[in-house]
Protein chains: 2
Amino acid sequence: MPETASEPRYDVIAIGNAIVDIIASCSDEDIAELELNRGGMTLVDADGADRLYAAMGPATEKSGGSAANTLAGLAQLDVQCAFIGQVADDQFGKVFAHDIRAAGIDFDTPVREQDPPTGRCLIFVTPDGERTMNTFLGAGQFLPASALDEELIASAAILYLEGYLWDPEEPRRAMRRAIEVARNAGRKVAFTASESFVIDRHGDDFRAMIDDGLIDILFVNESELATLTGEDDFDTGFDAVAAKVPVLVATRSAKGAVASAHGERAVTTAAPVAKVVDTTGAGDQFAAGFLAGYAKGERLEVCLKRGAIAAAEVISHYGPRPEADMKALMEKSL
Amino acid sequence: MPETASEPRYDVIAIGNAIVDIIASCSDEDIAELELNRGGMTLVDADGADRLYAAMGPATEKSGGSAANTLAGLAQLDVQCAFIGQVADDQFGKVFAHDIRAAGIDFDTPVREQDPPTGRCLIFVTPDGERTMNTFLGAGQFLPASALDEELIASAAILYLEGYLWDPEEPRRAMRRAIEVARNAGRKVAFTASESFVIDRHGDDFRAMIDDGLIDILFVNESELATLTGEDDFDTGFDAVAAKVPVLVATRSAKGAVASAHGERAVTTAAPVAKVVDTTGAGDQFAAGFLAGYAKGERLEVCLKRGAIAAAEVISHYGPRPEADMKALMEKSL
């Protein structure tokens, strides 16, 4: 039986990959030669990461991780956030921890004092702005349930979970426990599907959680929705999931996004972008904009609009986190 | 007695700091509160670096190091380059090595397998685009003479030395040895003064080297020239040094630059910049543009113009190395 929910200390607490992005521009020929999964996210092992890094041009490092990126966007919009994720005791671990704390997000997961190193994502950006990600999860895949601060989870209005992290076993177990803690405390659970391959591998888990009413807010893109439902028709798939999930948000790239909440439905077009530089973080920032509105009880249409504005900002520059003054941008654009 | 100079295998070999830049924007108030040396480069120890990093906003990491930045600019202009510098066996060391090799520069200095870690430079960028650098030299200050590949040095037309690295003892000894090797092989020695504090501390060394005819090409900015000569009047100081150094290049920020070569003299205005985003690397890229022209035997005026174009490109974005297609930009702008 859920405890009586006390006033939450955080608006959103997220569990996700703790990753440093290594970003370089490349040609379309590079993508073909390296046989990369254009536009997708592919898991690579340490050797695979070394091989790809050696083939990569001069790069820039920026903190990443899908849910962590979303929090970075939320924090800019005065949403109180905390993050749980696993780094190792190395320079990239320090970079990740610094950047998330410097963004105003509480982050206290104990550092893991052994191999593998902190996770990294090799991101190849083609001239069209499309990002092709190759992730070595590193320490992130060993986030143990014992690292969860359950009191912290119970103290946040929304628990936000990253689908990418459903793949490795230990974090999956930790996330299941976190869902239990959140629900017992009367909190909401939000989930981002992250990528079709996650649903390919764990679709039964997700469908069961949806059927059991464990997910209050679900973020998917078109292809994830199709994989989840087995329905090629967007509207049919959307309706099927919307019937079971209190809040459903489906992003459709340049076509905008659709959301349903407790029977109500709203759509948004994509916000204009002068030039798409790097699509990394588009989904993460859409989720940030949407959740920022949702956390403040704004109308569904406004939540979607905020998502579209945040996504447009992040794809206009390299890197997965906002660089503009997002509060000012939202005020100007809404 | 110099050996007969054989056809050089490299155009330029540089010895410099192997550093990863950690770049964040900040307010003017931050600079004041942290008591930073606005616009300058200040050496900090490990604790100082940690303290400043904790006070810094979310950051981006990019490979830096003054001479290494210059080579990155040269390599883009088809100048054959090699680099000598000391990294440690850590993630930043791998980042530095990757980026310089990915830029097409040979880099084979053995990794140092002990503390301290690879050097890093905390760069605070104010809204006016001015950069304030705080450098923890780390492994870089332990570059030993034994790490020099003397055959490599003898095989390059120009040996390019970074003044910053004259400060710590071991690299200074290594650089003295490198000068000897280069001159014995009949090669030219280029030197960048880097920063006034270096001349404050080692001015006698530099003046002696100039008097002994050990420096063929010297890069200074206005304040370094004043410190070197003790002359506040730019022209008087310039004339005094130009009388002793075969090629002298003095940059004057927004006022452009002046050069003399074997009696000839030329000036350039600064190239136009739409918005100064981050002045990091301005001097490094000026040197790159100039040397690229010089290595190809271009007229002094053209060498200067190339320097101005390269400096304008690098201050129009964050980070110390060129991001535009510099060959195309030079063709368009010259």
# chains A, B, ... in the order shown; residues from 1 in each chain; ligands from 1

$ residues_around --residues "Thr192 of chain A" --least-positions-apart "3" --cutoff "6 Å" --atoms "only C-alpha atoms" --output "PyMOL selection string"
chain A and resi 162-163+218-219

$ residues_around --residues "segment 250-265 of chain A" --least-positions-apart "3" --cutoff "6 Å" --atoms "only C-alpha atoms" --output "PyMOL selection string"
chain A and resi 219-222+246-247+268-270

$ write_last_selection --atoms "C-alpha atoms" --output "PDB file, in the first residue's frame"
ATOM      1  CA  PHE A 219       8.342   8.856 -24.124  1.00  0.00           C
ATOM      2  CA  VAL A 220       8.754   7.086 -27.476  1.00  0.00           C
ATOM      3  CA  ASN A 221       9.660   8.029 -31.013  1.00  0.00           C
ATOM      4  CA  GLU A 222       7.872   6.664 -34.049  1.00  0.00           C
ATOM      5  CA  PRO A 246      -1.742   7.976 -18.331  1.00  0.00           C
ATOM      6  CA  VAL A 247       0.667  10.261 -20.237  1.00  0.00           C
ATOM      7  CA  THR A 268       2.929  20.232 -31.945  1.00  0.00           C
ATOM      8  CA  THR A 269       4.927  20.943 -35.049  1.00  0.00           C
ATOM      9  CA  ALA A 270       8.709  20.931 -34.853  1.00  0.00           C
TER      10      ALA A 270
END

$ atom_distance --atom1 "atom CA of Gly39 of chain B" --atom2 "atom CA of Ile23 of chain A"
28.0 Å

$ closest_atom_pairs --of "chain B" --to "chain A" --cutoff "8 Å" --atoms "only C-alpha atoms" --output "tab-separated table"
residue	atom	partner	partner_atom	distance
B:Tyr53	CA	A:His98	CA	7.8
B:Ala54	CA	A:His98	CA	7.0
B:Ala55	CA	A:Ala102	CA	8.0
B:Met56	CA	A:Ala102	CA	7.0
B:Gly57	CA	A:Ala102	CA	5.0
B:Pro58	CA	A:Asp99	CA	4.4
B:Ala59	CA	A:Asp99	CA	6.4
B:Thr60	CA	A:Lys62	CA	5.1
B:Glu61	CA	A:Glu61	CA	4.8
B:Lys62	CA	A:Thr60	CA	5.1
B:Ser63	CA	A:Thr60	CA	7.8
B:Asp90	CA	A:Gln91	CA	7.6
B:Gln91	CA	A:Gln91	CA	6.2
B:Phe92	CA	A:Gln91	CA	7.0
B:His98	CA	A:Ala54	CA	7.0
B:Asp99	CA	A:Pro58	CA	4.4
B:Ile100	CA	A:Pro58	CA	7.2
B:Ala102	CA	A:Gly57	CA	5.0
B:Ala103	CA	A:Pro58	CA	6.0

$ atom_distance --atom1 "atom CA of Asp284 of chain A" --atom2 "atom CA of Thr70 of chain A"
4.9 Å

$ residues_around --residues "Glu313 of chain B" --least-positions-apart "5" --cutoff "10 Å" --atoms "only C-alpha atoms" --output "list in words"
Ala271, Pro272, Val273, Ala274, Val276, Thr279, Gly281, Ala282, Gln285, Phe286, Ala308, Arg321, Pro322, Glu323, Ala324, Asp325, Met326 and Leu329 of chain B

$ write_last_selection --atoms "C-alpha atoms" --output "PDB file, in the first residue's frame"
ATOM      1  CA  ALA B 271      40.945  40.057 -40.272  1.00  0.00           C
ATOM      2  CA  PRO B 272      37.260  40.827 -39.650  1.00  0.00           C
ATOM      3  CA  VAL B 273      35.312  38.672 -37.179  1.00  0.00           C
ATOM      4  CA  ALA B 274      31.509  38.759 -36.942  1.00  0.00           C
ATOM      5  CA  VAL B 276      34.540  37.246 -30.940  1.00  0.00           C
ATOM      6  CA  THR B 279      40.090  34.342 -27.999  1.00  0.00           C
ATOM      7  CA  GLY B 281      44.334  30.073 -29.583  1.00  0.00           C
ATOM      8  CA  ALA B 282      44.451  33.432 -31.385  1.00  0.00           C
ATOM      9  CA  GLN B 285      46.723  30.160 -35.002  1.00  0.00           C
ATOM     10  CA  PHE B 286      48.355  33.419 -36.078  1.00  0.00           C
ATOM     11  CA  ALA B 308      45.418  37.147 -39.469  1.00  0.00           C
ATOM     12  CA  ARG B 321      42.119  24.803 -32.979  1.00  0.00           C
ATOM     13  CA  PRO B 322      40.565  25.598 -36.359  1.00  0.00           C
ATOM     14  CA  GLU B 323      37.108  24.219 -37.082  1.00  0.00           C
ATOM     15  CA  ALA B 324      36.571  25.645 -40.551  1.00  0.00           C
ATOM     16  CA  ASP B 325      38.077  24.183 -43.709  1.00  0.00           C
ATOM     17  CA  MET B 326      41.176  26.396 -43.471  1.00  0.00           C
ATOM     18  CA  LEU B 329      39.002  29.811 -46.127  1.00  0.00           C
TER      19      LEU B 329
END

$ residues_around --residues "segment 171-179 of chain A" --least-positions-apart "2" --cutoff "12 Å" --atoms "only C-alpha atoms" --output "number ranges by chain"
A: 13-18, 84-86, 137, 139-156, 158-169, 181-191, 198, 202, 205-206, 209, 213-216

$ select_by_dssp --residues "segment 44-217 of chain A" --states "helix (DSSP H, G or I)" --output "VMD selection string"
chain A and resid 46 to 55 66 to 76 91 to 102 139 to 142 145 to 147 150 to 154 163 to 166 169 to 184 196 to 211

$ atom_distance --atom1 "atom CA of Ala311 of chain B" --atom2 "atom CA of Ser27 of chain B"
23.8 Å

$ residues_around --residues "Val79 of chain A" --least-positions-apart "2" --cutoff "10 Å" --atoms "only C-alpha atoms" --output "JSON, numbers by chain"
{"A": [10, 11, 12, 71, 72, 73, 74, 75, 76, 77, 81, 82, 104, 105, 288, 291, 292, 293, 295, 296]}

$ write_last_selection --atoms "C-alpha atoms" --output "mmCIF file, in the first residue's frame"
data_model
loop_
_atom_site.group_PDB
_atom_site.id
_atom_site.type_symbol
_atom_site.label_atom_id
_atom_site.label_comp_id
_atom_site.auth_asym_id
_atom_site.auth_seq_id
_atom_site.Cartn_x
_atom_site.Cartn_y
_atom_site.Cartn_z
ATOM 1 C CA TYR A 10 12.830 17.017 -5.990
ATOM 2 C CA ASP A 11 10.694 17.437 -9.054
ATOM 3 C CA VAL A 12 12.559 14.773 -11.022
ATOM 4 C CA LEU A 71 18.071 16.688 -16.376
ATOM 5 C CA ALA A 72 20.545 19.301 -17.644
ATOM 6 C CA GLY A 73 17.690 20.749 -19.706
ATOM 7 C CA LEU A 74 15.241 20.563 -16.802
ATOM 8 C CA ALA A 75 17.627 22.227 -14.361
ATOM 9 C CA GLN A 76 17.922 25.216 -16.697
ATOM 10 C CA LEU A 77 14.151 25.634 -16.390
ATOM 11 C CA CYS A 81 16.665 17.460 -10.119
ATOM 12 C CA ALA A 82 18.846 14.649 -8.820
ATOM 13 C CA GLY A 104 22.716 22.443 -10.526
ATOM 14 C CA ILE A 105 21.776 18.755 -10.309
ATOM 15 C CA ALA A 288 13.222 17.983 -20.785
ATOM 16 C CA LEU A 291 8.592 17.439 -18.358
ATOM 17 C CA ALA A 292 9.420 21.003 -17.315
ATOM 18 C CA GLY A 293 5.941 22.028 -18.393
ATOM 19 C CA ALA A 295 6.095 19.384 -13.568
ATOM 20 C CA LYS A 296 4.584 22.873 -13.421
#

$ select_by_dssp --residues "segment 32-206 of chain A" --states "strand (DSSP E or B)" --output "PyMOL selection string"
chain A and resi 41-43+60-63+81-84+88+106-107+112+118-125+131-138+156-162+188-192

$ write_last_selection --atoms "N, CA and C atoms" --output "tab-separated table (two decimals), in the first residue's frame"
chain	number	residue	atom	x	y	z
A	41	MET	N	22.05	4.09	-32.26
A	41	MET	CA	22.96	3.93	-31.13
A	41	MET	C	23.34	2.47	-31.08
A	42	THR	N	24.63	2.20	-31.15
A	42	THR	CA	25.11	0.83	-31.16
A	42	THR	C	26.03	0.64	-29.96
A	43	LEU	N	25.84	-0.45	-29.24
A	43	LEU	CA	26.74	-0.73	-28.12
A	43	LEU	C	28.03	-1.35	-28.66
A	60	THR	N	35.72	16.56	-29.76
A	60	THR	CA	35.41	17.38	-28.59
A	60	THR	C	34.71	16.49	-27.57
A	61	GLU	N	35.01	16.68	-26.30
A	61	GLU	CA	34.35	15.89	-25.27
A	61	GLU	C	33.33	16.75	-24.53
A	62	LYS	N	32.14	16.18	-24.36
A	62	LYS	CA	31.08	16.84	-23.59
A	62	LYS	C	30.34	15.76	-22.82
A	63	SER	N	29.93	16.09	-21.60
A	63	SER	CA	29.15	15.12	-20.84
A	63	SER	C	27.87	14.79	-21.57
A	81	CYS	N	16.32	18.79	-9.61
A	81	CYS	CA	16.67	17.46	-10.12
A	81	CYS	C	17.77	16.79	-9.32
A	82	ALA	N	17.74	15.45	-9.34
A	82	ALA	CA	18.85	14.65	-8.82
A	82	ALA	C	19.10	13.52	-9.81
A	83	PHE	N	20.34	13.03	-9.85
A	83	PHE	CA	20.71	12.00	-10.82
A	83	PHE	C	21.38	10.83	-10.12
A	84	ILE	N	21.09	9.64	-10.60
A	84	ILE	CA	21.76	8.42	-10.14
A	84	ILE	C	22.37	7.74	-11.35
A	88	ALA	N	33.28	5.67	-13.01
A	88	ALA	CA	34.47	5.05	-12.40
A	88	ALA	C	35.37	6.16	-11.87
A	106	ASP	N	21.77	17.49	-8.23
A	106	ASP	CA	22.42	16.71	-7.16
A	106	ASP	C	22.83	15.35	-7.71
A	107	PHE	N	24.06	14.96	-7.43
A	107	PHE	CA	24.58	13.69	-7.93
A	107	PHE	C	25.54	13.13	-6.90
A	112	ARG	N	32.68	4.08	-8.64
A	112	ARG	CA	33.05	2.66	-8.64
A	112	ARG	C	34.57	2.56	-8.81
A	118	THR	N	34.88	4.82	-16.88
A	118	THR	CA	33.63	5.53	-17.14
A	118	THR	C	33.21	5.36	-18.60
A	119	GLY	N	31.92	5.24	-18.82
A	119	GLY	CA	31.41	5.04	-20.18
A	119	GLY	C	31.68	6.21	-21.10
A	120	ARG	N	31.76	5.89	-22.39
A	120	ARG	CA	31.93	6.97	-23.37
A	120	ARG	C	31.15	6.63	-24.62
A	121	CYS	N	30.75	7.66	-25.32
A	121	CYS	CA	29.96	7.47	-26.53
A	121	CYS	C	30.66	8.19	-27.67
A	122	LEU	N	31.06	7.43	-28.68
A	122	LEU	CA	31.72	8.00	-29.85
A	122	LEU	C	30.64	8.42	-30.83
A	123	ILE	N	30.54	9.73	-31.04
A	123	ILE	CA	29.45	10.25	-31.87
A	123	ILE	C	30.01	10.83	-33.16
A	124	PHE	N	29.62	10.22	-34.27
A	124	PHE	CA	30.02	10.69	-35.60
A	124	PHE	C	28.89	11.54	-36.17
A	125	VAL	N	29.18	12.78	-36.49
A	125	VAL	CA	28.14	13.68	-37.00
A	125	VAL	C	28.38	13.95	-38.48
A	131	ARG	N	23.42	12.26	-36.10
A	131	ARG	CA	24.45	11.67	-35.23
A	131	ARG	C	24.35	10.16	-35.25
A	132	THR	N	25.51	9.52	-35.27
A	132	THR	CA	25.60	8.07	-35.23
A	132	THR	C	26.41	7.73	-33.99
A	133	MET	N	25.76	7.08	-33.02
A	133	MET	CA	26.38	6.90	-31.70
A	133	MET	C	26.88	5.47	-31.52
A	134	ASN	N	28.05	5.36	-30.90
A	134	ASN	CA	28.64	4.06	-30.60
A	134	ASN	C	29.09	4.11	-29.15
A	135	THR	N	28.38	3.36	-28.31
A	135	THR	CA	28.54	3.54	-26.87
A	135	THR	C	29.26	2.38	-26.22
A	136	PHE	N	30.30	2.72	-25.48
A	136	PHE	CA	30.94	1.77	-24.57
A	136	PHE	C	30.41	2.12	-23.18
A	137	LEU	N	29.57	1.25	-22.62
A	137	LEU	CA	28.87	1.62	-21.38
A	137	LEU	C	29.79	1.73	-20.18
A	138	GLY	N	30.89	0.96	-20.19
A	138	GLY	CA	31.86	1.05	-19.10
A	138	GLY	C	31.22	0.82	-17.74
A	156	ALA	N	11.22	12.34	-4.67
A	156	ALA	CA	11.06	13.05	-5.94
A	156	ALA	C	9.69	12.80	-6.53
A	157	ALA	N	9.07	13.83	-7.05
A	157	ALA	CA	7.72	13.70	-7.62
A	157	ALA	C	7.70	12.73	-8.79
A	158	ILE	N	8.77	12.77	-9.61
A	158	ILE	CA	8.83	11.90	-10.79
A	158	ILE	C	10.15	11.14	-10.80
A	159	LEU	N	10.06	9.83	-10.99
A	159	LEU	CA	11.25	9.01	-11.24
A	159	LEU	C	11.35	8.83	-12.75
A	160	TYR	N	12.47	9.26	-13.32
A	160	TYR	CA	12.64	9.22	-14.79
A	160	TYR	C	13.69	8.17	-15.13
A	161	LEU	N	13.31	7.20	-15.96
A	161	LEU	CA	14.20	6.08	-16.26
A	161	LEU	C	14.58	6.05	-17.73
A	162	GLU	N	15.83	5.72	-17.98
A	162	GLU	CA	16.36	5.71	-19.35
A	162	GLU	C	16.37	4.28	-19.87
A	188	LYS	N	5.30	9.32	-9.32
A	188	LYS	CA	5.05	8.92	-10.70
A	188	LYS	C	6.33	8.34	-11.32
A	189	VAL	N	6.14	7.44	-12.28
A	189	VAL	CA	7.28	6.85	-12.97
A	189	VAL	C	7.22	7.23	-14.45
A	190	ALA	N	8.30	7.85	-14.92
A	190	ALA	CA	8.40	8.22	-16.34
A	190	ALA	C	9.49	7.36	-16.97
A	191	PHE	N	9.27	7.01	-18.22
A	191	PHE	CA	10.19	6.10	-18.89
A	191	PHE	C	10.41	6.60	-20.31
A	192	THR	N	11.70	6.63	-20.73
A	192	THR	CA	11.95	6.92	-22.14
A	192	THR	C	12.48	5.65	-22.79
